[in-house]
>>> print(open('final_37.cif').read())   # mmCIF, C-alpha atoms and all ligand atoms
data_work
loop_
_atom_site.label_atom_id
_atom_site.label_comp_id
_atom_site.auth_asym_id
_atom_site.auth_seq_id
_atom_site.Cartn_x
_atom_site.Cartn_y
_atom_site.Cartn_z
CA MET A 1366 48.56 75.69 149.23
CA SER A 1367 47.76 72.77 151.43
CA TRP A 1368 46.27 70.83 148.50
CA LEU A 1369 49.31 71.64 146.46
CA ASN A 1370 51.33 70.18 149.28
CA PHE A 1371 49.12 67.14 149.20
CA PHE A 1372 49.84 66.50 145.54
CA ARG A 1373 53.49 67.27 145.95
CA THR A 1374 53.76 64.67 148.67
CA ARG A 1375 52.16 62.06 146.44
CA ARG A 1376 54.55 62.86 143.66
CA ASP A 1377 57.51 62.66 146.06
CA GLU A 1378 56.34 59.24 147.10
CA ALA A 1379 56.27 58.08 143.50
CA ALA A 1380 59.81 59.39 143.06
CA ALA A 1381 60.88 57.57 146.21
CA GLY A 1382 59.49 54.41 144.63
CA SER A 1383 61.85 54.69 141.68
CA ASN A 1384 64.67 55.40 144.09
CA ALA A 1385 63.87 52.12 145.85
CA ASN A 1386 63.83 50.36 142.47
CA LEU A 1387 67.29 51.66 141.85
CA ALA A 1388 68.36 50.12 145.15
CA LYS A 1389 66.78 46.81 144.16
CA ASP A 1390 68.51 46.75 140.78
CA ARG A 1391 71.88 47.48 142.32
CA LEU A 1392 71.37 44.77 144.94
CA GLN A 1393 70.30 42.15 142.43
CA VAL A 1394 73.42 42.66 140.37
CA ILE A 1395 75.87 42.66 143.24
CA ILE A 1396 74.26 39.85 145.21
CA SER A 1397 74.10 37.51 142.21
CA HIS A 1398 77.81 38.10 141.66
CA GLU A 1399 78.59 37.55 145.32
CA ARG A 1400 76.63 34.29 145.45
CA VAL A 1401 78.65 32.92 142.58
CA SER A 1402 81.97 33.95 144.11
CA ARG A 1403 81.00 32.33 147.41
CA THR A 1404 81.02 28.91 145.80
CA ARG A 1405 84.27 29.18 143.90
CA GLU A 1406 87.58 30.74 144.62
CA ASP A 1407 88.26 34.29 143.56
CA PHE A 1408 90.29 33.79 140.41
CA LEU A 1409 91.18 37.40 139.73
CA PRO A 1410 94.39 37.65 141.79
CA LYS A 1411 95.76 34.44 140.31
CA MET A 1412 94.72 35.33 136.77
CA GLN A 1413 96.42 38.66 137.08
CA GLN A 1414 99.65 37.09 138.33
CA GLU A 1415 99.65 34.62 135.48
CA LEU A 1416 98.97 37.31 132.90
CA VAL A 1417 101.81 39.40 134.21
CA ALA A 1418 104.07 36.33 134.12
CA VAL A 1419 103.22 35.71 130.47
CA VAL A 1420 103.82 39.32 129.55
CA THR A 1421 107.15 39.46 131.37
CA ARG A 1422 108.38 36.59 129.24
CA TYR A 1423 108.30 39.02 126.33
CA VAL A 1424 108.78 42.48 127.85
CA ALA A 1425 109.98 43.80 131.14
CA VAL A 1426 106.87 45.23 132.81
CA ASP A 1427 106.51 46.83 136.17
CA PRO A 1428 103.86 44.82 138.08
CA ASP A 1429 102.80 48.16 139.58
CA LYS A 1430 101.72 49.30 136.12
CA VAL A 1431 99.13 46.59 135.69
CA GLN A 1432 95.57 47.81 136.19
CA VAL A 1433 92.61 45.48 136.40
CA ASN A 1434 89.28 47.20 135.89
CA LEU A 1435 86.03 45.39 136.34
CA GLU A 1436 82.49 46.60 135.85
CA ARG A 1437 79.86 44.12 136.94
CA GLY A 1438 76.58 44.24 135.10
CA ALA A 1439 73.31 42.35 135.14
CA ASP A 1440 73.78 40.58 131.82
CA LEU A 1441 77.46 40.98 131.23
CA SER A 1442 80.50 42.24 133.02
CA THR A 1443 83.55 43.79 131.48
CA LEU A 1444 87.07 43.10 132.59
CA ALA A 1445 89.77 45.40 131.28
CA ILE A 1446 93.38 44.60 132.00
CA GLU A 1447 95.71 47.43 131.22
CA ILE A 1448 99.41 46.67 131.16
CA GLU A 1449 101.67 49.64 130.70
CA LEU A 1450 104.57 48.53 128.52
CA PRO A 1451 107.91 50.27 128.80
CA GLY A 1452 109.13 52.46 125.91
CA PRO A 1453 111.33 51.18 123.07
CA LYS A 1454 114.41 51.34 125.29
CA GLY A 1455 112.73 48.77 127.49
CA LYS A 1456 113.80 50.53 130.64
CA LEU A 1457 111.88 49.94 133.84
CA THR A 1458 111.16 52.94 135.97
CA MET B 595 102.27 63.22 155.62
CA ALA B 596 98.60 62.37 155.52
CA GLN B 597 96.32 62.83 158.48
CA VAL B 598 94.64 59.59 159.57
CA ILE B 599 91.05 59.99 160.75
CA VAL B 600 89.04 57.14 162.26
CA VAL B 601 85.25 57.23 162.13
CA THR B 602 84.18 55.17 165.10
CA SER B 603 81.36 54.68 167.62
CA GLY B 604 81.43 51.46 169.58
CA LYS B 605 77.74 50.89 168.94
CA GLY B 606 76.59 49.50 165.60
CA GLY B 607 74.28 51.13 163.12
CA VAL B 608 74.69 54.71 164.31
CA GLY B 609 75.90 56.14 160.99
CA LYS B 610 79.67 55.52 160.74
CA THR B 611 79.62 54.37 157.13
CA THR B 612 77.17 57.09 156.09
CA SER B 613 79.43 59.63 157.79
CA SER B 614 82.67 58.19 156.39
CA ALA B 615 81.31 58.35 152.84
CA ALA B 616 79.99 61.89 153.30
CA PHE B 617 83.11 63.15 155.04
CA ALA B 618 85.56 61.66 152.56
CA THR B 619 83.55 63.05 149.65
CA GLY B 620 83.37 66.45 151.34
CA LEU B 621 87.13 66.61 151.91
CA ALA B 622 87.77 65.69 148.28
CA GLN B 623 85.24 68.30 147.11
CA ARG B 624 87.40 70.82 148.91
CA GLY B 625 90.44 69.76 146.97
CA LYS B 626 92.00 67.44 149.56
CA LYS B 627 93.28 64.15 148.22
CA THR B 628 91.31 61.66 150.27
CA VAL B 629 91.11 57.89 150.56
CA VAL B 630 88.45 56.13 152.60
CA ILE B 631 89.18 52.60 153.85
CA ASP B 632 86.50 50.08 154.81
CA PHE B 633 87.70 48.17 157.89
CA ASP B 634 84.56 46.06 158.18
CA VAL B 635 86.09 42.83 156.85
CA GLY B 636 83.41 40.25 156.11
CA LEU B 637 80.62 42.84 156.05
CA ARG B 638 81.74 45.49 153.66
CA ASN B 639 79.17 48.19 152.95
CA LEU B 640 81.11 51.32 152.17
CA ASP B 641 81.31 50.23 148.51
CA LEU B 642 77.50 50.25 148.32
CA ILE B 643 77.12 53.61 150.05
CA MET B 644 79.77 55.07 147.72
CA GLY B 645 78.08 53.39 144.73
CA VAL B 646 81.22 51.57 143.52
CA GLU B 647 80.19 48.01 144.39
CA ARG B 648 80.27 46.88 140.76
CA ARG B 649 83.85 47.99 140.34
CA VAL B 650 85.50 46.19 143.24
CA VAL B 651 88.29 43.95 141.98
CA PHE B 652 90.76 43.68 144.84
CA ASP B 653 90.43 44.57 148.49
CA ILE B 654 92.55 45.44 151.50
CA VAL B 655 93.21 41.79 152.32
CA ASN B 656 94.48 41.06 148.79
CA VAL B 657 96.94 43.92 149.28
CA ILE B 658 98.08 42.76 152.71
CA GLN B 659 98.60 39.23 151.44
CA GLY B 660 100.58 40.45 148.44
CA GLU B 661 98.06 39.30 145.84
CA ALA B 662 97.52 42.78 144.47
CA LYS B 663 99.27 46.11 144.53
CA LEU B 664 97.72 48.91 146.54
CA ASN B 665 96.99 51.06 143.50
CA GLN B 666 95.23 48.13 141.86
CA ALA B 667 92.88 47.84 144.80
CA LEU B 668 92.10 51.56 145.04
CA ILE B 669 88.88 52.54 143.30
CA ARG B 670 88.96 56.05 141.91
CA ASP B 671 85.68 57.90 142.35
CA LYS B 672 84.15 59.07 139.07
CA ARG B 673 82.22 61.99 140.59
CA VAL B 674 84.81 63.79 142.68
CA ASP B 675 88.48 64.23 141.79
CA GLY B 676 91.06 63.07 144.27
CA LEU B 677 88.75 60.63 146.04
CA CYS B 678 89.58 56.93 146.35
CA ILE B 679 87.96 53.98 148.07
CA LEU B 680 89.80 50.95 149.45
CA PRO B 681 87.21 48.20 149.93
CA ALA B 682 87.14 45.61 152.68
CA SER B 683 87.19 41.96 151.84
CA GLN B 684 83.78 40.34 151.76
CA THR B 685 84.84 36.74 152.09
CA ARG B 686 87.98 36.45 154.20
CA ASP B 687 87.82 36.29 157.95
CA LYS B 688 88.87 39.13 160.18
CA ASP B 689 92.26 37.63 161.10
CA ALA B 690 93.45 38.39 157.60
CA LEU B 691 93.83 42.00 158.71
CA THR B 692 97.10 42.47 160.59
CA ARG B 693 98.58 45.51 162.27
CA GLU B 694 101.75 45.30 160.20
CA GLY B 695 99.72 44.95 157.03
CA VAL B 696 97.58 47.96 157.84
CA GLN B 697 100.65 49.97 158.80
CA GLY B 698 102.23 49.25 155.43
CA ILE B 699 99.11 50.36 153.63
CA ILE B 700 98.77 53.56 155.64
CA GLU B 701 102.43 54.43 155.10
CA GLU B 702 102.09 53.96 151.36
CA LEU B 703 98.84 55.93 151.18
CA SER B 704 100.42 58.71 153.22
CA LYS B 705 102.70 59.52 150.33
CA GLU B 706 99.84 60.21 147.94
CA PHE B 707 96.94 61.46 150.04
CA ASP B 708 96.17 64.35 152.39
CA TYR B 709 93.56 62.46 154.40
CA ILE B 710 93.09 58.78 155.16
CA LEU B 711 89.65 58.01 156.57
CA CYS B 712 89.09 54.71 158.35
CA ASP B 713 85.49 53.49 158.51
CA SER B 714 85.50 51.36 161.66
CA PRO B 715 83.34 48.31 162.25
CA ALA B 716 81.12 48.33 165.34
CA GLY B 717 82.35 46.97 168.65
CA ILE B 718 85.66 47.28 170.43
CA GLU B 719 87.20 44.09 169.08
CA LYS B 720 90.11 43.57 166.75
CA GLY B 721 88.66 45.25 163.65
CA ALA B 722 87.65 48.39 165.52
CA LEU B 723 91.00 48.49 167.37
CA LEU B 724 92.90 48.25 164.10
CA ALA B 725 90.78 50.97 162.50
CA LEU B 726 91.63 53.41 165.29
CA TYR B 727 95.20 52.34 166.05
CA PHE B 728 96.97 54.67 163.60
CA ALA B 729 94.56 57.59 164.01
CA ASP B 730 95.63 61.20 164.44
CA ALA B 731 92.02 62.31 164.82
CA ALA B 732 88.76 60.55 165.63
CA VAL B 733 85.23 61.38 164.57
CA VAL B 734 83.06 59.77 167.22
CA VAL B 735 79.62 59.13 165.72
CA THR B 736 76.91 59.18 168.37
CA ASN B 737 73.11 59.05 168.33
CA PRO B 738 71.12 60.93 170.99
CA GLU B 739 70.26 57.70 172.72
CA VAL B 740 71.53 56.15 175.97
CA SER B 741 73.36 53.07 174.70
CA SER B 742 75.04 55.00 171.90
CA VAL B 743 76.32 57.67 174.30
CA ARG B 744 77.66 55.07 176.70
CA ASP B 745 79.42 53.17 173.90
CA SER B 746 80.92 56.42 172.62
CA ASP B 747 82.35 57.05 176.04
CA ARG B 748 83.91 53.59 176.02
CA ILE B 749 85.45 54.17 172.62
CA LEU B 750 86.88 57.49 173.87
CA GLY B 751 88.58 55.50 176.61
CA VAL B 752 89.98 53.07 174.05
CA LEU B 753 91.31 55.96 171.93
CA GLN B 754 93.07 57.30 175.02
CA SER B 755 94.68 54.00 175.94
CA LYS B 756 95.01 51.69 172.93
CA SER B 757 95.86 53.95 170.00
CA LYS B 758 99.42 54.18 168.68
CA ARG B 759 99.60 57.76 169.91
CA ALA B 760 98.60 56.65 173.40
CA GLU B 761 101.03 53.74 173.42
CA GLU B 762 103.89 55.93 172.31
CA GLY B 763 103.01 58.72 174.74
CA LYS B 764 102.50 61.19 171.90
CA GLU B 765 99.98 64.00 171.74
CA PRO B 766 96.58 62.28 172.14
CA VAL B 767 94.24 61.49 169.26
CA LYS B 768 92.14 64.59 168.56
CA GLN B 769 88.52 63.77 169.35
CA HIS B 770 85.48 65.19 167.58
CA LEU B 771 81.84 64.50 168.34
CA LEU B 772 79.46 64.00 165.41
CA LEU B 773 75.91 63.72 166.70
CA THR B 774 73.83 62.03 164.02
CA ARG B 775 70.16 61.13 163.47
CA TYR B 776 69.23 64.13 165.61
CA ASP B 777 65.51 64.85 165.58
CA PRO B 778 64.91 68.32 167.07
CA ALA B 779 61.13 67.81 167.22
CA ARG B 780 61.52 64.72 169.36
CA VAL B 781 64.12 66.46 171.48
CA GLU B 782 61.64 69.29 172.04
CA ARG B 783 58.99 66.82 173.11
CA GLY B 784 61.47 65.41 175.61
CA GLU B 785 61.67 62.04 173.86
CA MET B 786 65.31 62.22 172.93
CA LEU B 787 68.53 63.37 174.61
CA LYS B 788 69.38 67.02 173.92
CA LEU B 789 72.59 68.10 172.23
CA ASP B 790 73.64 69.87 175.43
CA ASP B 791 73.10 66.71 177.49
CA VAL B 792 75.28 64.64 175.18
CA LEU B 793 77.97 67.34 175.13
CA GLU B 794 77.92 67.58 178.91
CA ILE B 795 78.34 63.83 179.32
CA LEU B 796 80.96 63.15 176.66
CA ALA B 797 82.78 66.48 177.09
CA ILE B 798 84.54 66.53 173.72
CA PRO B 799 84.37 69.26 171.07
CA LEU B 800 81.36 69.20 168.75
CA LEU B 801 82.11 68.79 165.06
CA GLY B 802 78.52 68.77 163.90
CA VAL B 803 74.92 67.71 164.33
CA ILE B 804 73.43 65.69 161.47
CA PRO B 805 69.65 65.70 161.50
CA GLU B 806 67.56 62.59 161.00
CA SER B 807 66.77 62.90 157.32
CA GLU B 808 65.01 60.92 154.61
CA SER B 809 67.69 61.98 152.19
CA VAL B 810 70.11 59.52 153.84
CA LEU B 811 68.03 56.56 152.72
CA LYS B 812 67.64 58.03 149.24
CA ALA B 813 71.39 58.48 149.07
CA SER B 814 72.11 54.90 150.03
CA ASN B 815 69.52 53.58 147.57
CA SER B 816 71.30 55.28 144.73
CA GLY B 817 74.87 54.93 145.97
CA ASN B 818 75.58 58.66 146.14
CA PRO B 819 77.03 59.93 149.43
CA VAL B 820 74.42 62.23 150.99
CA ILE B 821 76.79 65.21 150.95
CA LEU B 822 76.34 65.27 147.16
CA ASP B 823 72.66 66.10 147.82
CA SER B 824 73.40 69.71 148.66
CA GLU B 825 69.70 70.55 148.98
CA SER B 826 69.16 68.12 151.83
CA PRO B 827 69.58 69.09 155.50
CA ALA B 828 71.84 66.08 156.15
CA GLY B 829 73.99 66.93 153.13
CA GLN B 830 74.34 70.52 154.28
CA ALA B 831 75.10 69.46 157.85
CA TYR B 832 77.89 67.18 156.63
CA ALA B 833 79.30 69.96 154.45
CA ASP B 834 79.34 72.25 157.50
CA ALA B 835 81.10 69.58 159.56
CA VAL B 836 83.79 69.16 156.90
CA ALA B 837 84.29 72.94 156.81
CA ARG B 838 84.66 73.02 160.61
CA PHE B 839 87.10 70.15 160.47
CA LEU B 840 89.20 72.24 158.10
CA GLY B 841 89.13 75.12 160.56
CA GLU B 842 86.24 77.26 159.34
CA GLU B 843 83.74 78.85 161.69
CA LYS B 844 80.23 77.64 160.92
CA PRO B 845 77.22 78.18 163.16
CA HIS B 846 75.44 74.94 164.05
CA ARG B 847 72.21 74.40 162.12
CA PHE B 848 69.39 71.88 162.30
CA ILE B 849 69.37 71.77 166.09
CA GLU B 850 66.07 73.60 166.59
CA ALA B 851 62.70 72.14 165.61
CA GLU B 852 61.10 73.81 162.62
CA LYS B 853 58.49 76.40 163.43
CA LYS B 854 55.03 74.96 163.87
CA LYS B 855 53.25 74.16 160.65
CA GLY B 856 49.65 75.03 159.87
CA PHE B 857 46.85 72.51 160.24
CA PHE B 858 47.13 71.24 156.66
CA GLY B 859 50.88 71.31 156.74
CA ARG B 860 50.77 69.01 159.72
CA LEU B 861 48.27 66.76 158.02
CA PHE B 862 50.16 66.37 154.78
CA GLY B 863 53.71 67.48 155.24
CA GLY B 864 54.77 66.08 158.58
CA ARG B 865 57.93 64.41 157.37
CA ALA B 866 61.44 65.68 157.47
CA ALA B 867 62.92 66.22 154.01
N1 LIG C 1501 71.06 61.24 159.53
C1 LIG C 1501 70.38 60.12 159.27
N2 LIG C 1501 69.05 60.16 159.02
C2 LIG C 1501 68.38 59.01 158.75
N3 LIG C 1501 68.92 57.80 158.70
C3 LIG C 1501 70.23 57.69 158.94
C4 LIG C 1501 71.04 58.83 159.24
N4 LIG C 1501 72.32 58.40 159.42
C5 LIG C 1501 72.32 57.08 159.24
N5 LIG C 1501 71.07 56.62 158.95
C6 LIG C 1501 70.67 55.23 158.69
O1 LIG C 1501 71.12 54.42 159.76
C7 LIG C 1501 71.49 53.14 159.29
C8 LIG C 1501 72.90 52.80 159.75
O2 LIG C 1501 73.81 53.67 159.11
P1 LIG C 1501 75.32 53.23 158.81
O3 LIG C 1501 75.36 51.98 158.03
O4 LIG C 1501 76.02 54.43 158.29
O5 LIG C 1501 75.79 52.92 160.29
P2 LIG C 1501 77.13 52.22 160.80
O6 LIG C 1501 77.47 52.86 162.08
O7 LIG C 1501 78.16 52.27 159.73
O8 LIG C 1501 76.67 50.72 161.00
P3 LIG C 1501 77.63 49.45 161.35
O9 LIG C 1501 77.97 49.59 162.79
O10 LIG C 1501 76.77 48.27 161.05
O11 LIG C 1501 78.83 49.57 160.47
C9 LIG C 1501 71.33 53.16 157.79
O12 LIG C 1501 70.12 52.57 157.45
C10 LIG C 1501 71.33 54.64 157.46
O13 LIG C 1501 70.58 54.90 156.30
MG MG C 1502 79.36 50.66 158.85
#
>>> encode(input="final_37.cif", output="C-alpha cells", more="lines below")
Ligand SMILES: Nc1ncnc2c1ncn2[C@@H]1O[C@H](COP(=O)(O)OP(=O)(O)OP(=O)(O)O)[C@@H](O)[C@H]1O
Ligand SMILES: [Mg+2]
Amino acid sequence: MSWLNFFRTRRDEAAAGSNANLAKDRLQVIISHERVSRTREDFLPKMQQELVAVVTRYVAVDPDKVQVNLERGADLSTLAIEIELPGPKGKLT
Amino acid sequence: MAQVIVVTSGKGGVGKTTSSAAFATGLAQRGKKTVVIDFDVGLRNLDLIMGVERRVVFDIVNVIQGEAKLNQALIRDKRVDGLCILPASQTRDKDALTREGVQGIIEELSKEFDYILCDSPAGIEKGALLALYFADAAVVVTNPEVSSVRDSDRILGVLQSKSKRAEEGKEPVKQHLLLTRYDPARVERGEMLKLDDVLEILAIPLLGVIPESESVLKASNSGNPVILDSESPAGQAYADAVARFLGEEKPHRFIEAEKKKGFFGRLFGGRAA
C-alpha cells in the first residue's frame, strides 16, 4: 500500500509537470501578444468603427449587432467580425 | 434586477480572483445568469484564471470610453452556460475607470444577468472603492493570518461607510466571510489562526472555509476555475459556499485536520490534494 502510494505520488508529479507546461504555453502566447500591443496602439476599436462606417454606407446596421471575435494563437490568430444585416425590409430594430 | 456582489479583501494575494472565478462559475452552474467583472485595471488576471485570455478583444475601459459596446466586450464562457466575463484593461491607467461609467455598465448588465460579481483589486484606493461602491453583498476574502484579518476589518469599515448603500442610508451591504487557504493541520499545531478566532474578531457570518489546496495552482495553470474540479477539496468547498449563498444549509467541511496517517503515508503522502 505504501509503495503503491510512493509510485502514485511520482506519477502525480509527472502529471503536474505537464500541467505546468500548459501554463507555460498559455503564458508564452499571451505575453508575446501583449508585448507587441505595448509598442503600438490597439487598433481593434478603430478598425471596428471604420468597418461599421463602411458597411453603413450600403446597409443600415445596428452597431450593437457587430461582434468582433478574436482567438489568439501561437502561430496565427483569427479575427472574426460578424455584422448582423437587417432583413430585406432594411428595418432597424 | 441583478444582485451586485463584490469580492474584496483589502490585502493583496489572498484569493479574491480565485474566489471570484470559482463563485461566478458556481452560480452559473446553478442556472443563474452571471457576469464577473475584473476591476484590476492595469493588472488584469481574471482572464487567465478563467482561461479566456486569448479571446479578449475589448475591455471595460473601451466600453466606458464608448469605443465598444458592452456586449462586444463580454466574453461568453464556453464551458458553462449563462456565464460571462468582462475583462479589465491591461494598458490604460486606473483613472480611465469612472463611477458614472461603472454605473452605466452595471445598470445595463442588470437587465440581462441575475448576478454581477466584481473582482476587486487589492488596497482601499480608487479601484477597490469603485469595485465595492455598487455592491448589495460583499464576499470578504480572508486568510487565517494577522495582516489579512486586520485588512478585512478595514474593508468592512469601508463597506459600512463608503458604499452607495451606506451613502444613501439604505439597508447595509450584506457581508459574508470567506476564509481561504485554511490549513487545518497547521491550525492544529497552533501555527495558524483558528476559524473561531477569525470569526470572533471579524464578527460577520461565515460563508465558507476554503482549504489550502494544490488543486488551486493546477486550476490556474490550465485556466479552469477550481470549482470545475469537483474532486478537489477546494472545488467542493467553493461549491458548498455557493450553495450557502443561495440559501441552502451545508455543514462546513475541511476545517478539521485529516486523521493521522501511518508511517509510510506520512513519508510519501504528506501533501494536501
Ligand atoms: N485555497 C488555496 N490553496 C492554495 N493556493 C491558493 C488558494 N487560494 C488562492 N491561492 C493562491 O494564492 C495566490 C493569490 O491568489 P489570487 O490571485 O486569487 O489572489 P488575489 O486576492 O486576487 O490577489 P490580488 O490582490 O493580487 O488581486 C495564487 O497564487 C493562488 O493560486
Ligand atoms: Mg486578484
>>> interface_residues(input="final_37.cif", of="chain B", to="chain A", cutoff="8 Å", atoms="all atoms listed in the file", output="list in words")
Glu647, Arg648, Arg649, Val650, Val651, Phe652, Asn656, Glu661, Ala662, Lys663, Asn665, Gln666, Thr685, Lys812, Ser814, Asn815, Ser816, Phe858, Gly859, Phe862 and Gly863 of chain B
>>> atom_distance(input="final_37.cif", atom1="atom CA of A:Met1412", atom2="atom CA of B:Asp653")
15.5 Å
>>> closest_residue(input="final_37.cif", among="A:Arg1405, A:Val1417, A:Val1424, A:Ser1397", to="A:Glu1447", atoms="all atoms listed in the file")
A:Val1417
>>> residues_near_ligand(input="final_37.cif", ligand="ligand LIG 1501 (chain C)", cutoff="6 Å", atoms="all atoms listed in the file", output="list in words")
Gly606, Gly607, Val608, Gly609, Lys610, Thr611, Thr612, Pro715, Ala716, Thr774, Arg775, Ile804, Pro805, Glu806, Ser807, Glu808, Val810, Leu811 and Ala828 of chain B
>>> closest_residue(input="final_37.cif", among="B:Glu842, B:Glu694, B:Asp713, B:Glu825", to="ligand MG 1502 (chain C)", atoms="only C-alpha atoms and all ligand atoms")
B:Asp713
>>> atom_distance(input="final_37.cif", atom1="atom CA of A:Pro1451", atom2="atom CA of A:Thr1421")
11.1 Å
>>> atom_distance(input="final_37.cif", atom1="atom CA of B:Ile631", atom2="atom CA of A:Ala1418")
29.6 Å
>>> residues_around(input="final_37.cif", residues="B:Arg759", least_positions_apart="3", cutoff="8 Å", atoms="only C-alpha atoms", output="ChimeraX atom specification")
/B:727-730,762-767
>>> residues_around(input="final_37.cif", residues="B:Gly625", least_positions_apart="2", cutoff="8 Å", atoms="all atoms listed in the file", output="PDB file with C-alpha atoms, in the frame of the given file")
ATOM      1  CA  LEU B 621      87.130  66.610 151.910  1.00  0.00           C
ATOM      2  CA  ALA B 622      87.770  65.690 148.280  1.00  0.00           C
ATOM      3  CA  GLN B 623      85.240  68.300 147.110  1.00  0.00           C
ATOM      4  CA  LYS B 627      93.280  64.150 148.220  1.00  0.00           C
ATOM      5  CA  ASP B 675      88.480  64.230 141.790  1.00  0.00           C
ATOM      6  CA  GLY B 676      91.060  63.070 144.270  1.00  0.00           C
TER       7      GLY B 676
END
>>> closest_residue(input="final_37.cif", among="B:Ile699, B:Leu726, B:Val743, B:Ala615", to="ligand MG 1502 (chain C)", atoms="all atoms listed in the file")
B:Ala615
>>> residues_around(input="final_37.cif", residues="B:Arg673", least_positions_apart="5", cutoff="12 Å", atoms="all atoms listed in the file", output="list of chain:residue names")
B:Thr619, B:Gly620, B:Ala622, B:Gln623, B:Met644, B:Gly645, B:Val646, B:Cys678, B:Gly817, B:Asn818, B:Pro819, B:Leu822
>>> closest_residue(input="final_37.cif", among="B:Pro738, B:Gly721, B:Gly660, B:Gly829", to="ligand MG 1502 (chain C)", atoms="all atoms listed in the file")
B:Gly721
